Amino acid sequence: FQEGTREWIFKKVHNWLDDRSSPNRVMVISGSAGMGKSVISSVMCKRMQAAGRLLGSHFCKHNNVRYRKPQLMLQSLACHLSNALPEYKNALVDQLSRNLGPVELNSMGVEELFALLFKEPLGKVADPGRNMLMVIDGVDESEYQGRNELLDVIANQFCKLPQWIRFFVTTRPEINIADSLKHFQPIQLEDNHDENLRDIQLFFEMQLSQGIEQEDKDRLLSSLVRKSEGVFLYAHFLTDFVKTNVSLLTPEQLECNLPLGISSVYLSHFKRLENELCKELRIEEEQMLSFLCAVSASREPLPVAFISRLLDLSGRPMCVQRRLNKAIACISSLLPVRDDCLHFFHKSVKDWLTNTSIYGRHDFTVDEKEGHDILFELCRNELDKVKRKGLRDAQFNDTERYALHHGVQHMIEVGNSTEVTKTWHMEDFVHIYVTDLEVIYAKLCVNCSIPSEDISSVQRYLKTALYNDERNSLLTSLLKVLRKNSYLLGDHPHVWFQSVLNEGSPDLCSEAAAILENKFFSVSYMKYVDKEGQKGAVQARF
């Protein structure tokens with residue numbers, strides 16, 4: 001963020017927030033990729049925090065399912081709100097204690113969850129005497145399983161909260177979003193608006209004050225603004241290019257050396273990546289494109305441990321590790337590595353790779369469906385490895401955790417893109433990776449909501465696929481046990497087998513008992529037995 005820019009937006013937000021009579025409860029900032037919406041949200045959070053007026057914030061992430069799932073976002077905002085308002089926290093605790101029962105929050109509908117966490121407890125909180133703000137960035141990135149339920153909540157439910165709670169929301173101007181939010185009269189970030197162009201000129205002036213020829217300063221700044229096309233992200237690339245490659249920017253260098261448009265910036269970056277991987281590290285072009293397909297389809301930042309398999313690195317272990325380190329160094333210049341995972345630094349990079357309607361076709365256009373196919377194969381191998389090594393220690397590496405969390409979702413994406421004649425594979429996969437009690441236990445150890453989400457997703461998919469009633473009944477039975485015991489399983493996943501033993505169908509009970517008896521020797525359990533004709537006698541092993 002460059003100090004001095006975007007002040008016209010901040011002034012509008014402050015005036016709206018201070019106007020207690022304003023009927024508009026939501027301030028929407030709408031703009032295309034690279035206009036700086038997330039930076040504006042971040043600065044807004046910082047300033048509202050300093051003023052004591054920030055109730056909470058959430059930044060949706062397109063490539064991280066945990067940050068774009070609406071149920072988790074609402075729970076996160078409720079947690080922020082509890083920290084900011086002790087009175088609300090007391091009301092929420094009372095609400096959950098009285099009304100929730102054995103219901104899993106993640107399985108509730110978004111509107112139902114919104115009423116539970118916000119509408120009802122906030123009705124008991126006193127007006128603080130001034131309007132307070134919650135920030136939600138990237139509503140367009142909150143689509144989950146083909147739906148954007150968060151959008152419906154913003155459009156129809158926020159207005160039902162107390163008058164003193166206001167929301168600051170950013171989004172891309174997609175048609176369905178624009179139609180849903182138009183009654184809030186969004187502020188449009190247009191690339192050709194005078195305020196936006198003035199901000200970009202100030203950005204260039206502050207960033208390049210020492211790197212441009214002073215006698216042509218005004219002309220050079222005007223040319224840079226024109227070349228930026230009104231896109232802040234591209235302006236950032238231009239300043240970075242000048243600082244790295246030009247000691248003193250002159251009009252001649254401006255016309256000859258600087259890249260044209262953000263698409264040309266990405267093209268040059270990926271060509272450099274291709275050159276380093278294919279020519280210097282001898283990686284096949286097919287493997288590099290497969291890697292890009294997989295990264296584009298990943299449901300959260302992809303573990304770097306997958307890279308050697310995606311790039312098909314083979315040979316002596318020491319040589320493979322050296323080549324892998326060099327490959328990661330090359331890739332990280334374009335796809336940053338944080339917490340041993342690959343990230344897109346901006347959603348427009350993924351769009352450039354996959355969205356031909358916006359950026360057209362180019363040498364690095366990839367098929368996201370092919371990426372799901374590649375990732376499912378990787379996840380299958382990881383899940384099979386988990387099953388072979390046994391689950392008693394419940395310790396999983398990054399690739400195993402990714403497979404347990406997302407393997408089934410990639411499986412469904414693959415199923416949705418294949419012909420009906422191949423749907424018989426799905427029944428085998430569901431049996432191995434969805435309904436297997438030990439695999440469910442492993443998923444519970446990673447995140448207690450994963451098995452329920454996988455079963456629900458499979459049930460939705462199977463509505464359009466051939467599947468027998470017996471298997472559907474099994475899915476329903478497992479889902480019932482998971483939801484009934486969700487809170488206990490979150491902290492004590494090993495209780496899963498006892499829960500199935502208590503409440504599952506006869507076949508499931510037998511399977512759970514066999515696992516407890518033969519594989520989990522350290523886990524206490526109880527079961528009913530028919531001992532010497534005394535039905536209902538309890539046998540316990542501790």
# chains A, B, ... in the order shown; residues from 1 in each chain; ligands from 1

call {"tool": "residues_around", "arguments": {"residues": "range 58-70 of chain A", "least_positions_apart": "2", "cutoff": "9 Å", "atoms": "only C-alpha atoms", "output": "ChimeraX atom specification"}}
result
/A:38,41-42,56,72-77,110,134-145,148-150,296-301,343-344,347

call {"tool": "closest_residue", "arguments": {"among": "A:Ile432, A:Pro259, A:Leu462, A:Lys12", "to": "Asn416 in chain A", "atoms": "only C-alpha atoms"}}
result
A:Leu462

call {"tool": "closest_residue", "arguments": {"among": "A:Phe114, A:Phe237, A:Phe167, A:Phe520", "to": "Val153 in chain A", "atoms": "only C-alpha atoms"}}
result
A:Phe114

call {"tool": "select_by_dssp", "arguments": {"residues": "range 287-528 of chain A", "states": "helix (DSSP H, G or I)", "output": "ChimeraX atom specification"}}
result
/A:287-297,304-310,317-332,347-354,356-359,368-389,398-416,420-422,424-433,437-446,450-462,469-484,486-491,495-503,506-518

call {"tool": "residues_around", "arguments": {"residues": "His406 in chain A", "least_positions_apart": "4", "cutoff": "9 Å", "atoms": "only C-alpha atoms", "output": "list in words"}}
result
Ser298, Arg299, Glu300, Phe376, Cys379, Arg401, Tyr402, His410, Met411, Ile450 and Asp454 of chain A

call {"tool": "write_last_selection", "arguments": {"atoms": "all heavy atoms", "output": "JSON list (two decimals), in the first residue's frame"}}
result
[["chain", "number", "residue", "atom", "x", "y", "z"],
["A", 298, "SER", "N", -5.79, -27.32, -7.61],
["A", 298, "SER", "CA", -5.66, -27.63, -6.18],
["A", 298, "SER", "C", -6.68, -26.87, -5.36],
["A", 298, "SER", "O", -7.01, -25.72, -5.65],
["A", 298, "SER", "CB", -4.25, -27.32, -5.69],
["A", 298, "SER", "OG", -3.95, -25.95, -5.84],
["A", 299, "ARG", "N", -7.19, -27.52, -4.32],
["A", 299, "ARG", "CA", -8.25, -26.94, -3.50],
["A", 299, "ARG", "C", -7.71, -26.11, -2.33],
["A", 299, "ARG", "O", -8.46, -25.43, -1.65],
["A", 299, "ARG", "CB", -9.16, -28.05, -2.96],
["A", 299, "ARG", "CG", -10.04, -28.66, -4.05],
["A", 299, "ARG", "CD", -10.77, -29.89, -3.57],
["A", 299, "ARG", "NE", -11.49, -29.67, -2.33],
["A", 299, "ARG", "CZ", -12.68, -29.10, -2.23],
["A", 299, "ARG", "NH1", -13.29, -28.65, -3.31],
["A", 299, "ARG", "NH2", -13.27, -28.98, -1.05],
["A", 300, "GLU", "N", -6.43, -26.20, -2.09],
["A", 300, "GLU", "CA", -5.74, -25.31, -1.16],
["A", 300, "GLU", "C", -4.28, -25.32, -1.59],
["A", 300, "GLU", "O", -3.89, -26.12, -2.46],
["A", 300, "GLU", "CB", -5.89, -25.76, 0.29],
["A", 300, "GLU", "CG", -5.28, -27.06, 0.66],
["A", 300, "GLU", "CD", -5.43, -27.36, 2.15],
["A", 300, "GLU", "OE1", -6.55, -27.23, 2.69],
["A", 300, "GLU", "OE2", -4.43, -27.72, 2.77],
["A", 376, "PHE", "N", -6.23, -36.40, -8.27],
["A", 376, "PHE", "CA", -6.88, -37.58, -7.70],
["A", 376, "PHE", "C", -5.94, -38.77, -7.71],
["A", 376, "PHE", "O", -5.89, -39.54, -6.74],
["A", 376, "PHE", "CB", -8.18, -37.90, -8.45],
["A", 376, "PHE", "CG", -8.85, -39.15, -7.95],
["A", 376, "PHE", "CD1", -9.09, -39.34, -6.60],
["A", 376, "PHE", "CD2", -9.23, -40.15, -8.83],
["A", 376, "PHE", "CE1", -9.70, -40.50, -6.12],
["A", 376, "PHE", "CE2", -9.85, -41.31, -8.37],
["A", 376, "PHE", "CZ", -10.08, -41.48, -7.01],
["A", 379, "CYS", "N", -3.58, -38.30, -4.90],
["A", 379, "CYS", "CA", -4.26, -38.53, -3.62],
["A", 379, "CYS", "C", -4.54, -40.01, -3.39],
["A", 379, "CYS", "O", -4.43, -40.50, -2.27],
["A", 379, "CYS", "CB", -5.57, -37.72, -3.57],
["A", 379, "CYS", "SG", -5.33, -35.94, -3.42],
["A", 401, "ARG", "N", -2.00, -35.49, 4.43],
["A", 401, "ARG", "CA", -3.06, -34.62, 4.95],
["A", 401, "ARG", "C", -3.86, -34.00, 3.80],
["A", 401, "ARG", "O", -5.09, -33.91, 3.86],
["A", 401, "ARG", "CB", -2.46, -33.51, 5.83],
["A", 401, "ARG", "CG", -1.86, -34.03, 7.12],
["A", 401, "ARG", "CD", -1.17, -32.92, 7.90],
["A", 401, "ARG", "NE", -2.16, -32.00, 8.46],
["A", 401, "ARG", "CZ", -2.75, -32.18, 9.64],
["A", 401, "ARG", "NH1", -2.45, -33.24, 10.39],
["A", 401, "ARG", "NH2", -3.62, -31.31, 10.08],
["A", 402, "TYR", "N", -3.17, -33.57, 2.75],
["A", 402, "TYR", "CA", -3.88, -33.02, 1.58],
["A", 402, "TYR", "C", -4.80, -34.08, 0.98],
["A", 402, "TYR", "O", -5.96, -33.80, 0.65],
["A", 402, "TYR", "CB", -2.89, -32.51, 0.53],
["A", 402, "TYR", "CG", -3.60, -31.86, -0.65],
["A", 402, "TYR", "CD1", -3.80, -30.49, -0.68],
["A", 402, "TYR", "CD2", -4.09, -32.62, -1.71],
["A", 402, "TYR", "CE1", -4.48, -29.89, -1.74],
["A", 402, "TYR", "CE2", -4.76, -32.05, -2.77],
["A", 402, "TYR", "CZ", -4.96, -30.67, -2.78],
["A", 402, "TYR", "OH", -5.65, -30.09, -3.82],
["A", 410, "HIS", "N", -11.60, -34.23, -5.34],
["A", 410, "HIS", "CA", -11.01, -34.37, -6.68],
["A", 410, "HIS", "C", -11.62, -35.56, -7.40],
["A", 410, "HIS", "O", -11.86, -35.51, -8.61],
["A", 410, "HIS", "CB", -9.49, -34.54, -6.57],
["A", 410, "HIS", "CG", -8.76, -33.30, -6.17],
["A", 410, "HIS", "ND1", -8.87, -32.12, -6.87],
["A", 410, "HIS", "CD2", -7.92, -33.04, -5.13],
["A", 410, "HIS", "CE1", -8.11, -31.19, -6.29],
["A", 410, "HIS", "NE2", -7.55, -31.73, -5.22],
["A", 411, "MET", "N", -11.91, -36.65, -6.67],
["A", 411, "MET", "CA", -12.55, -37.81, -7.26],
["A", 411, "MET", "C", -13.90, -37.44, -7.87],
["A", 411, "MET", "O", -14.23, -37.85, -9.00],
["A", 411, "MET", "CB", -12.75, -38.89, -6.19],
["A", 411, "MET", "CG", -13.52, -40.11, -6.64],
["A", 411, "MET", "SD", -13.86, -41.24, -5.25],
["A", 411, "MET", "CE", -15.25, -40.40, -4.47],
["A", 450, "ILE", "N", -14.20, -33.27, 7.74],
["A", 450, "ILE", "CA", -13.92, -33.82, 6.41],
["A", 450, "ILE", "C", -14.83, -35.01, 6.07],
["A", 450, "ILE", "O", -15.43, -35.03, 4.98],
["A", 450, "ILE", "CB", -12.44, -34.24, 6.29],
["A", 450, "ILE", "CG1", -11.54, -33.02, 6.42],
["A", 450, "ILE", "CG2", -12.19, -34.93, 4.95],
["A", 450, "ILE", "CD1", -10.06, -33.39, 6.52],
["A", 454, "ASP", "N", -17.33, -35.11, 2.79],
["A", 454, "ASP", "CA", -17.11, -36.06, 1.70],
["A", 454, "ASP", "C", -18.37, -36.89, 1.43],
["A", 454, "ASP", "O", -18.76, -37.08, 0.27],
["A", 454, "ASP", "CB", -15.95, -36.99, 2.05],
["A", 454, "ASP", "CG", -14.59, -36.33, 1.87],
["A", 454, "ASP", "OD1", -14.55, -35.22, 1.31],
["A", 454, "ASP", "OD2", -13.57, -36.92, 2.29]]

call {"tool": "atom_distance", "arguments": {"atom1": "CA of His372 in chain A", "atom2": "CA of Ile262 in chain A"}}
result
27.0 Å

call {"tool": "closest_residue", "arguments": {"among": "A:Asn196, A:Gln157, A:Ser452, A:Ser222", "to": "Phe118 in chain A", "atoms": "only C-alpha atoms"}}
result
A:Gln157

call {"tool": "closest_residue", "arguments": {"among": "A:Leu151, A:Arg282, A:Trp352, A:Leu117", "to": "Glu174 in chain A", "atoms": "only C-alpha atoms"}}
result
A:Leu151
